[in-house]
Amino acid sequence: MTTELGHFALVLALMVAIVQTVMPLVGAHRRNAAWMNVAEPAAVVQFLLVGVSFAALVWAFISSDFSLRLVTLNSHSLKPLFYKITGVWANHEGSVLLWVLILTAFGAGVAVFGRNLPPTLRARVLGIQGLIGVAFIGYSLFTSNPFLRLARPPMDGEGMNPLLQDVGLALHPPFLYLGYVGLSVSFSFAIAALLEGRVDAAWARWVRPWTLAAWVFLSFGIGLGSWWAYYELGWGGFWFWDPVENSSFMPWLFAVALLHSAIVVEKREALKSWTILLAILAFGFSLMGAFLVRSGVLTSVHAFANDPARGVALLLILLFFVGGALTLYSFRAHVLQAKGVFGVVSRESALVFNNVLLAVSALVVFVGTMWPLAAELFTGRKVSVGPPFFDAAFTPFGLLIVALLPIGTLLPWKRATLKRAIQPLWGVLVLAISLGALAYAIQTGNSALGPIGLVLAAWLIGGSAIDLWQKTGRGGLASKLGRMARLPRADWGRIIAHAGLGVMIMAMTSLMAWETEDIRVAYIGEPYPLGPYEITLNGVEQGEGVNYFTTIADISISRDGEEVARLFPEKRVYPAAGMPTTEAAIATNPFRDLYVVVGDAQDDGGWTIRSYIKPMANWIWGGMIIMALGGIISLTDRRYRVAGGAVRKTPKAQGVPAE
Amino acid sequence: MMRMLTFVLAMVLALPAWSVEPDEMLDDPVLEERARDISKGLRCLVCRNENIDESNADLARDLRILLRELLLRQQLMKMEDLALTALEGSGQATDRAAVEEVLTVVRETLSSREQRLDYVWRAALEGLGENRRLAEDLAQQANGLIDVKAGNAEVVGFIVDRYGEFVLLKPTMKGANLILWIAAPVMLITALGVVFFYIRRRASEEPEPDLDPEEQARLKEILGS
C-alpha cells in the first residue's frame with residue numbers, strides 16, 4: 001500500500017515538475033506575474049511529493065517487503081536496521097531516487113530562500129530546476145523504477161554487497177549527490193542569467209552560496225569515499241584515480257574554479273561569460289559523472305551494450321542539458337559585458353590563472369579517464385590509464401596552483417606590483433625551503449616527494465597566516481587582534497580553506513614518502529619489529545557477527561617495552577554474498593596511524609600479517625575537513641544573510657536607514 | 001548442522017589470496033623492491049582498475065610470481081656471466097672450484113622446469129654449503145651491474161608481449177597514445193595564450209561607466225546600507 005502511494009507520489013511529482021518548467025519560463029518571457037508565481041509552490045510541492053515517495057521506499061526496506069524487486073535484490077532480513085536504511089541508495093534505482101530527492105530539495109531551497117531575487121530571474125531559475133526535475137524523475141520512472149513488484153515474493157532477500165555495509169560508504173553517496181545536485185542550482189542560475197541577458201555582482205552574490213554549499217558537500221562526499229577506501233580495502237591507499245573517483249573529482253575541480261571566478265564577478269564585474277561557462281561545465285561534469293558511473297561504460301564498452309537503456313537515457317539527458325546550455329551560451333554570451341578593467345598583475349589576473357590551472361587540470365583528468373574508451377572506439381587498442389599516468393599528468397598543475405596561491409591572495413584588486421605583494425612572503429618562503437631541506441637531510445632514502453610536499457604545505461599554511469596578518473592592518477597587536485575578530489567570515493573562510501589544503505598536501509606526501517610496510521607470516525607469541533615498534537600476534541579467533549563470520553587476530557604493538565596499542569584486525573565473510581572483506585585495525589595518534597591487517601592462515605600455523613606505519617595519515621581527512629570548514633564559515637558571511645533580511649524589512653527600498 | 005555447513009562454506013570462500021603474500025616475496029631485498037615497484041604499474045587484468053600489487057585476484061598472484069621469476073632469471077643470467085668472466089681470468093685453484101660449483105648451480109636453476117624458480121634457487125643456495133657466501137656475493141654484484149631501468153623495461157616488455165598493452169597502467173607514448181600525453185601541455189599552453197591576450201585587452205580597455213542610477217538603487221537595497 002505505502003509502495004503504491006510512493007509510486008503514485010513520484011508520478012505526481014513528474015506532473016508538478018512539468019508545470020514548474022513550463023509556466024514560470026513562459027511567464028518570465030511574457031512578464032506574467034501570476035504564471036511566474038507558480039514556480040515557488042510548485043518547487044515546494046514537488047519536493048514534498050518526492051519526499052513521500054522516498055519515505056515509502058525507505059519503509060519498504062525497513063519492513064523488508066520482499067514483494068518489491070529492489071528490496072529482494074538488495075536487502076536481507078538479517079541486516080542491521082542502519083544498513084537496511086542505507087541499502088535504499090546502495091543500488092541503482094534507489095540512488096536515482098535519492099538524487100531526485102536532493103534535486104527537489106535544492107529546488108525548494110531556492111524557492112524559499114530566493115524570495116528577494118528579481119521575479120523573472122527567480123522564475124527562470126526555478127523553471128530550469130523544474131526541467132532538470134522532469135528529466136530525472138522521468139528517468140527514475142521509465143528506466144529505473146524502484147517500485148516494481150515481484151509476482152512471487154521470496155522468503156528472504158539476496159543481501160547487499162558486504163563492502164558497502166559500512167558507515168563511511170553508507171554516507172558517501174548522499175553527500176556526493178548533495179554536491180553533484182547542488183551544482184544544478186549554479187547551472188540553473190547560469191541558464192536563467194543567459195535568458196535574462198544579464199549577469200551582475202548581485203547575480204554572483206546569489207549564486208555563490210549555492211556553489212559553495214555544493215562544493216562543501218562534494219568535498220565531504222569525496223573525503224568519506226577516500227576514508228572508506230583507506231580503512232576497508234586493506235592496504236591503506238586513499239586515492240586511486242579510479243574512473244568513479246575521477247567522476248567526482250572533475251566537478252569538484254570545476255566547482256572550485258567557479259567559486260573563485262564568481263568572486264571576480266561579484267567584486268569586479270569581470271569574467272562574466274567565463275563564470276557562466278564554468279557553471280555549465282561544473283554541472284555538466286556532474287551529469288557526466290552520473291553517466292559514467294551509472295552506465296557502466298567505463299568498466300567495459302560491452303557491459304554498456306548489454307543494458308543500454310539506462311546508459312543511453314542518461315547520455316541523452318547529459319547531451320540535452322550540456323548541449324542545450326552551450327548552444328544558448330554561444331548565442332547569448334556576447335550580451336554579457338564585462339565592466340571591470342584590471343592590470344596584468346592584479347588579483348583578477350591571479351584568479352584567472354587559478355581558473356586556467358583548475359579547468360585544464362580537470363580536463364586532463366577527463367582526457368585520462370576517457371582515453372581507454374576513445375582508444376578502443378577509434379583505434380581498437382585496449383589500453384589502461386592508471387595512477388602512474390595521472391600522477392605524472394596532474395601533479396604539475398597541483399604544484400603550480402599551490403606555488404601561486406599565496407601570492408594571489410596577497411595581490412590587491414585592479415592593479416598591483418608583484419614586488420610589493422611578494423614582500424611579506426619572503427620569510428615564509430625561506431622557512432618553507434629550510435623545512436624541506438631539513439626533512440631531506442634527516443629522511444632515509446632519497447625521495448624528493450616528502451620534502452617537496454613539506455615545502456608546499458609550509459608555503460600554503462604560512463601564506464595563509466600572512467594573509468590573515470595583512471588583513472588586520474598596520475596597528476599594534478591589540479588593534480590587530482580587534483580587527484581579526486571583526487574580519488568578515490569570508491576572509492576567515494578563505495584563509496582556513498587554503499591552510500586546510502596545505503595540511504592535506506603535507507599529509508598526503510608524508511604518507512606516500514615515509515610509509516613503513518611489513519608483510520610477513522607471523523607466529524603466535526613471536527614478536528617482530530616494525531620501525532621503532534614491536535608487534536606480537538597474541539592469538540587468532542573465529543567468531544560470528546549478525547550476518548557474517550569473522551576471523552579476529554589479537555595483536556599487541558609495543559614501543560620500548562611499553563604497549564602502545566592492542567589491535568583486533570578482522571577478516572569477514574558474508575555468506576549471503578559469499579564475499580570476504582578485510583577490516584583493518586588502526587591505532588591513531590596525531591602523528592601516525594599503525595595499520596594492521598590479518599590475512600590467511602599458513603600451513604605451519606602462522607598467519608599472514610601486514611602492518612604499516614602511516615605517518616600523518618589522519619591529516620589527509622583532517623585537511624579536507626578544514627577546507628570544507630573554511631567553506632562553511634564563508635557561507636555564514638554577513639553579506640549573504642544581510643541581503644535577504646534587509647529586503648524583508650524594507651520592501652520598497654528608497655533611502656534605506658543604516659542598520 | 002546447517003550452521004556448521006555455512007561456516008565451513010564461509011571458510012572455503014575466504015580462500016582468495018590478499019595482495020602480495022609473504023610466500024611470493026623474493027629473499028633478495030633488491031630484487032623484491034624492484035618487483036614491488038614494477039607490480040604497482042601493472043594492471044590486474046580481471047579487476048577494476050587495480051594494480052597487481054594490491055589485487056586479490058588469482059591472476060594478479062600469477063602475474064606477481066611470473067614477474068619475480070623474470071627478475072630472478074635476469075639476476076641469475078648476470079651471475080652466470082660474472083662466474084664465466086671470473087673463470088677466464090685464471091684465479092687460484094681453490095677459488096676456481098668454488099666458482100665452478102656456483103656456476104653449475106646457477107645453470108641448473110636456470111634450466112629448471114619447476115613452477116617456482118625462487119623455491120628452486122632457495123633450495124640450491126641451501127645446498128651450496130660453504131660456497132653460499134660466494135653465490136650471494138655474486139648475486140649482489142649482479143644487482144649492482146644490472147641497469148635497473150633497462151632491466152625493468154625488459155621484464156615489463158615480456159609481460160606486455162604476453163598480455164597486451166592493456167596491462168600497463170601507465171600507457172606508452174606510442175601511436176595514438178601520444179595524444180593522451182601531450183593533451184595536458186597543449187591545453188595548458190593554449191589556455192595561457194588565450195588568457196594572455198584576454199588580460200592584455202582588459203588592461204588596455206577604458207573603464208566603462210559604473211552602475212546606472214536604477215542599478216545603484218537596487219544595489220543599495222540589497223546591501224541594506
# chains A, B, ... in the order shown; residues from 1 in each chain; ligands from 1
$ residues_around --residues "region 27-37 of chain B" --least-positions-apart "5" --cutoff "9 Å" --atoms "only C-alpha atoms" --output "JSON, numbers by chain"
{"B": [20, 53, 64, 67, 68, 71, 72, 75, 118, 122, 139, 140, 143, 148, 152]}
$ residues_around --residues "Glu534 (chain A)" --least-positions-apart "4" --cutoff "10 Å" --atoms "only C-alpha atoms" --output "JSON list (two decimals) with C-alpha atoms, in the first residue's frame"
[["chain", "number", "residue", "atom", "x", "y", "z"],
["A", 527, "PRO", "CA", 57.37, -10.63, 18.31],
["A", 528, "TYR", "CA", 58.90, -8.87, 15.31],
["A", 529, "PRO", "CA", 59.97, -5.27, 14.69],
["A", 530, "LEU", "CA", 58.21, -2.64, 12.61],
["A", 556, "SER", "CA", 49.88, -6.08, 20.61],
["A", 557, "ILE", "CA", 52.11, -3.27, 19.49],
["A", 558, "SER", "CA", 54.71, -2.01, 21.88],
["A", 559, "ARG", "CA", 57.45, 0.57, 21.82],
["A", 560, "ASP", "CA", 60.46, 0.36, 24.16],
["A", 561, "GLY", "CA", 58.74, -2.43, 26.07],
["A", 562, "GLU", "CA", 55.55, -0.47, 26.65],
["A", 563, "GLU", "CA", 52.32, -1.43, 24.94],
["A", 564, "VAL", "CA", 51.05, 1.41, 22.76]]
$ closest_residue --among "A:Glu583, A:Asp65, A:Glu245, A:Glu517" --to "Pro387 (chain A)" --atoms "only C-alpha atoms"
A:Glu245
$ residues_around --residues "region 151-160 of chain A" --least-positions-apart "2" --cutoff "9 Å" --atoms "only C-alpha atoms" --output "NGL selection string"
:A and (64-69 or 71-79 or 83 or 87 or 90-91 or 149 or 162-165 or 576-577)
$ write_last_selection --atoms "N, CA and C atoms" --output "mmCIF file, in the first residue's frame"
data_model
loop_
_atom_site.group_PDB
_atom_site.id
_atom_site.type_symbol
_atom_site.label_atom_id
_atom_site.label_comp_id
_atom_site.auth_asym_id
_atom_site.auth_seq_id
_atom_site.Cartn_x
_atom_site.Cartn_y
_atom_site.Cartn_z
ATOM 1 N N SER A 64 11.389 -4.824 5.273
ATOM 2 C CA SER A 64 11.807 -5.975 4.471
ATOM 3 C C SER A 64 10.656 -6.517 3.615
ATOM 4 N N ASP A 65 10.075 -5.635 2.813
ATOM 5 C CA ASP A 65 8.962 -6.014 1.939
ATOM 6 C C ASP A 65 9.519 -6.662 0.670
ATOM 7 N N PHE A 66 9.673 -7.992 0.724
ATOM 8 C CA PHE A 66 10.336 -8.675 -0.387
ATOM 9 C C PHE A 66 9.438 -8.847 -1.611
ATOM 10 N N SER A 67 8.237 -8.272 -1.543
ATOM 11 C CA SER A 67 7.447 -8.285 -2.767
ATOM 12 C C SER A 67 7.958 -7.208 -3.717
ATOM 13 N N LEU A 68 8.831 -6.340 -3.192
ATOM 14 C CA LEU A 68 9.443 -5.318 -4.031
ATOM 15 C C LEU A 68 10.746 -5.881 -4.619
ATOM 16 N N ARG A 69 10.868 -5.804 -5.924
ATOM 17 C CA ARG A 69 12.018 -6.381 -6.597
ATOM 18 C C ARG A 69 13.328 -5.812 -6.037
ATOM 19 N N VAL A 71 14.004 -4.456 -3.140
ATOM 20 C CA VAL A 71 14.315 -4.880 -1.776
ATOM 21 C C VAL A 71 14.864 -6.306 -1.799
ATOM 22 N N THR A 72 14.247 -7.159 -2.597
ATOM 23 C CA THR A 72 14.716 -8.537 -2.687
ATOM 24 C C THR A 72 16.156 -8.601 -3.175
ATOM 25 N N LEU A 73 16.459 -7.792 -4.178
ATOM 26 C CA LEU A 73 17.797 -7.855 -4.764
ATOM 27 C C LEU A 73 18.859 -7.254 -3.867
ATOM 28 N N ASN A 74 18.472 -6.338 -3.000
ATOM 29 C CA ASN A 74 19.496 -5.573 -2.283
ATOM 30 C C ASN A 74 19.406 -5.602 -0.769
ATOM 31 N N SER A 75 18.467 -6.342 -0.234
ATOM 32 C CA SER A 75 18.368 -6.328 1.213
ATOM 33 C C SER A 75 18.238 -7.749 1.732
ATOM 34 N N HIS A 76 18.234 -7.870 3.035
ATOM 35 C CA HIS A 76 18.172 -9.166 3.675
ATOM 36 C C HIS A 76 17.567 -8.928 5.042
ATOM 37 N N SER A 77 16.723 -9.831 5.496
ATOM 38 C CA SER A 77 16.019 -9.572 6.751
ATOM 39 C C SER A 77 16.966 -9.504 7.940
ATOM 40 N N LEU A 78 18.153 -10.127 7.837
ATOM 41 C CA LEU A 78 19.085 -10.159 8.965
ATOM 42 C C LEU A 78 19.961 -8.917 9.054
ATOM 43 N N LYS A 79 19.845 -8.067 8.073
ATOM 44 C CA LYS A 79 20.715 -6.890 8.042
ATOM 45 C C LYS A 79 20.353 -5.942 9.180
ATOM 46 N N TYR A 83 21.764 -0.450 8.124
ATOM 47 C CA TYR A 83 22.143 -0.805 6.754
ATOM 48 C C TYR A 83 20.927 -1.134 5.888
ATOM 49 N N GLY A 87 20.769 0.815 2.651
ATOM 50 C CA GLY A 87 20.620 -0.048 1.491
ATOM 51 C C GLY A 87 19.710 0.554 0.434
ATOM 52 N N ALA A 90 22.065 2.021 -1.913
ATOM 53 C CA ALA A 90 23.234 1.213 -2.296
ATOM 54 C C ALA A 90 22.936 0.419 -3.559
ATOM 55 N N ASN A 91 22.083 0.941 -4.418
ATOM 56 C CA ASN A 91 21.745 0.274 -5.669
ATOM 57 C C ASN A 91 21.333 1.344 -6.656
ATOM 58 N N ARG A 149 7.018 -4.458 -8.463
ATOM 59 C CA ARG A 149 6.704 -5.585 -7.580
ATOM 60 C C ARG A 149 7.159 -6.898 -8.208
ATOM 61 N N PRO A 162 28.779 -6.778 0.731
ATOM 62 C CA PRO A 162 29.275 -6.509 2.086
ATOM 63 C C PRO A 162 30.259 -5.342 2.160
ATOM 64 N N LEU A 163 30.942 -5.076 1.044
ATOM 65 C CA LEU A 163 31.858 -3.936 1.060
ATOM 66 C C LEU A 163 31.092 -2.640 1.339
ATOM 67 N N LEU A 164 29.811 -2.642 0.947
ATOM 68 C CA LEU A 164 29.007 -1.435 1.116
ATOM 69 C C LEU A 164 28.423 -1.330 2.515
ATOM 70 N N GLN A 165 28.534 -2.428 3.273
ATOM 71 C CA GLN A 165 27.949 -2.437 4.608
ATOM 72 C C GLN A 165 28.906 -1.768 5.577
ATOM 73 N N ALA A 576 25.723 -14.493 2.741
ATOM 74 C CA ALA A 576 24.664 -14.114 1.808
ATOM 75 C C ALA A 576 25.245 -13.677 0.475
ATOM 76 N N ALA A 577 26.435 -13.027 0.522
ATOM 77 C CA ALA A 577 27.043 -12.566 -0.716
ATOM 78 C C ALA A 577 28.252 -13.409 -1.096
#
$ residues_around --residues "Val546 (chain A)" --least-positions-apart "2" --cutoff "10 Å" --atoms "only C-alpha atoms" --output "short mmCIF file (atom, residue, chain, number, x, y, z; two decimals) with N, CA and C atoms, in the first residue's frame"
data_model
loop_
_atom_site.label_atom_id
_atom_site.label_comp_id
_atom_site.auth_asym_id
_atom_site.auth_seq_id
_atom_site.Cartn_x
_atom_site.Cartn_y
_atom_site.Cartn_z
N LEU A 78 18.15 -10.13 7.84
CA LEU A 78 19.08 -10.16 8.96
C LEU A 78 19.96 -8.92 9.05
N LYS A 79 19.85 -8.07 8.07
CA LYS A 79 20.72 -6.89 8.04
C LYS A 79 20.35 -5.94 9.18
N PRO A 80 21.38 -5.33 9.84
CA PRO A 80 21.06 -4.35 10.88
C PRO A 80 20.23 -3.20 10.30
N GLU A 544 31.49 -14.81 15.07
CA GLU A 544 30.30 -14.73 14.25
C GLU A 544 29.61 -13.40 14.54
N TYR A 548 27.56 -12.27 9.40
CA TYR A 548 28.85 -12.65 8.83
C TYR A 548 29.65 -13.53 9.79
N PHE A 549 30.64 -14.22 9.25
CA PHE A 549 31.61 -14.95 10.06
C PHE A 549 32.90 -14.19 10.03
N TYR A 574 30.75 -12.73 4.39
CA TYR A 574 29.30 -12.60 4.43
C TYR A 574 28.70 -13.71 3.58
#
$ atom_distance --atom1 "CA of Gln423 (chain A)" --atom2 "CA of Ala270 (chain A)"
27.4 Å
$ select_by_dssp --residues "region 434-584 of chain A" --states "alpha helix (DSSP H)" --output "VMD selection string"
chain A and resid 434 to 442 449 to 471 477 to 486 489 to 514
$ residues_around --residues "region 611-623 of chain A" --least-positions-apart "4" --cutoff "9 Å" --atoms "only C-alpha atoms" --output "number ranges by chain"
A: 223-224, 226-227, 235-236, 238, 497, 499-508, 510-512, 514-520, 530-531, 535, 588-598, 627-628
$ residues_around --residues "Leu12 (chain A)" --least-positions-apart "5" --cutoff "12 Å" --atoms "only C-alpha atoms" --output "mmCIF file with C-alpha atoms, in the first residue's frame"
data_model
loop_
_atom_site.group_PDB
_atom_site.id
_atom_site.type_symbol
_atom_site.label_atom_id
_atom_site.label_comp_id
_atom_site.auth_asym_id
_atom_site.auth_seq_id
_atom_site.Cartn_x
_atom_site.Cartn_y
_atom_site.Cartn_z
ATOM 1 C CA LEU A 5 1.438 5.574 -2.558
ATOM 2 C CA GLY A 6 5.136 6.286 -3.108
ATOM 3 C CA HIS A 7 4.922 5.264 -6.719
ATOM 4 C CA ALA A 17 7.808 19.294 -12.396
ATOM 5 C CA ILE A 18 6.380 19.728 -15.883
ATOM 6 C CA VAL A 19 4.163 22.539 -14.630
ATOM 7 C CA ALA A 42 5.410 24.028 -7.415
ATOM 8 C CA VAL A 45 5.141 20.599 -3.625
ATOM 9 C CA GLN A 46 7.472 18.705 -5.937
ATOM 10 C CA PHE A 47 9.899 18.283 -3.062
ATOM 11 C CA LEU A 48 7.164 17.092 -0.694
ATOM 12 C CA LEU A 49 5.887 14.558 -3.224
ATOM 13 C CA VAL A 50 9.335 13.137 -3.881
ATOM 14 C CA GLY A 51 9.831 13.099 -0.119
ATOM 15 C CA VAL A 52 6.730 10.937 0.297
ATOM 16 C CA SER A 53 7.929 8.671 -2.466
ATOM 17 C CA VAL A 134 11.416 16.384 -15.251
ATOM 18 C CA ILE A 137 12.023 11.901 -12.288
ATOM 19 C CA GLY A 138 11.229 10.665 -15.793
ATOM 20 C CA LEU A 141 10.071 6.212 -13.561
#
$ atom_distance --atom1 "CA of Lys419 (chain A)" --atom2 "CA of Lys272 (chain A)"
29.0 Å
$ decode --residues "region 40-92 of chain A" --atoms "C-alpha atoms" --output "compact mmCIF listing (two decimals), in the first residue's frame"
# COMPACT_ATOMS: atom_id res chain seq x y z
CA GLU A 40 7.55 28.66 -5.77
CA PRO A 41 4.64 26.47 -4.61
CA ALA A 42 5.41 24.03 -7.41
CA ALA A 43 9.01 23.60 -6.25
CA VAL A 44 7.91 23.03 -2.66
CA VAL A 45 5.14 20.60 -3.63
CA GLN A 46 7.47 18.70 -5.94
CA PHE A 47 9.90 18.28 -3.06
CA LEU A 48 7.16 17.09 -0.69
CA LEU A 49 5.89 14.56 -3.22
CA VAL A 50 9.34 13.14 -3.88
CA GLY A 51 9.83 13.10 -0.12
CA VAL A 52 6.73 10.94 0.30
CA SER A 53 7.93 8.67 -2.47
CA PHE A 54 11.37 8.29 -0.93
CA ALA A 55 9.91 7.67 2.52
CA ALA A 56 7.76 4.89 1.05
CA LEU A 57 10.85 3.23 -0.39
CA VAL A 58 12.71 3.55 2.89
CA TRP A 59 9.75 1.97 4.65
CA ALA A 60 9.76 -0.93 2.21
CA PHE A 61 13.43 -1.56 3.05
CA ILE A 62 12.91 -1.22 6.81
CA SER A 63 9.94 -3.59 6.80
CA SER A 64 11.81 -5.98 4.47
CA ASP A 65 8.96 -6.01 1.94
CA PHE A 66 10.34 -8.67 -0.39
CA SER A 67 7.45 -8.28 -2.77
CA LEU A 68 9.44 -5.32 -4.03
CA ARG A 69 12.02 -6.38 -6.60
CA LEU A 70 14.54 -3.82 -5.42
CA VAL A 71 14.31 -4.88 -1.78
CA THR A 72 14.72 -8.54 -2.69
CA LEU A 73 17.80 -7.85 -4.76
CA ASN A 74 19.50 -5.57 -2.28
CA SER A 75 18.37 -6.33 1.21
CA HIS A 76 18.17 -9.17 3.68
CA SER A 77 16.02 -9.57 6.75
CA LEU A 78 19.08 -10.16 8.96
CA LYS A 79 20.72 -6.89 8.04
CA PRO A 80 21.06 -4.35 10.88
CA LEU A 81 18.45 -1.57 10.69
CA PHE A 82 21.01 1.11 9.83
CA TYR A 83 22.14 -0.81 6.75
CA LYS A 84 18.57 -1.58 5.76
CA ILE A 85 18.07 2.17 5.51
CA THR A 86 21.35 2.89 3.77
CA GLY A 87 20.62 -0.05 1.49
CA VAL A 88 17.98 2.17 -0.10
CA TRP A 89 20.66 4.01 -2.06
CA ALA A 90 23.23 1.21 -2.30
CA ASN A 91 21.75 0.27 -5.67
CA HIS A 92 20.97 1.97 -8.94
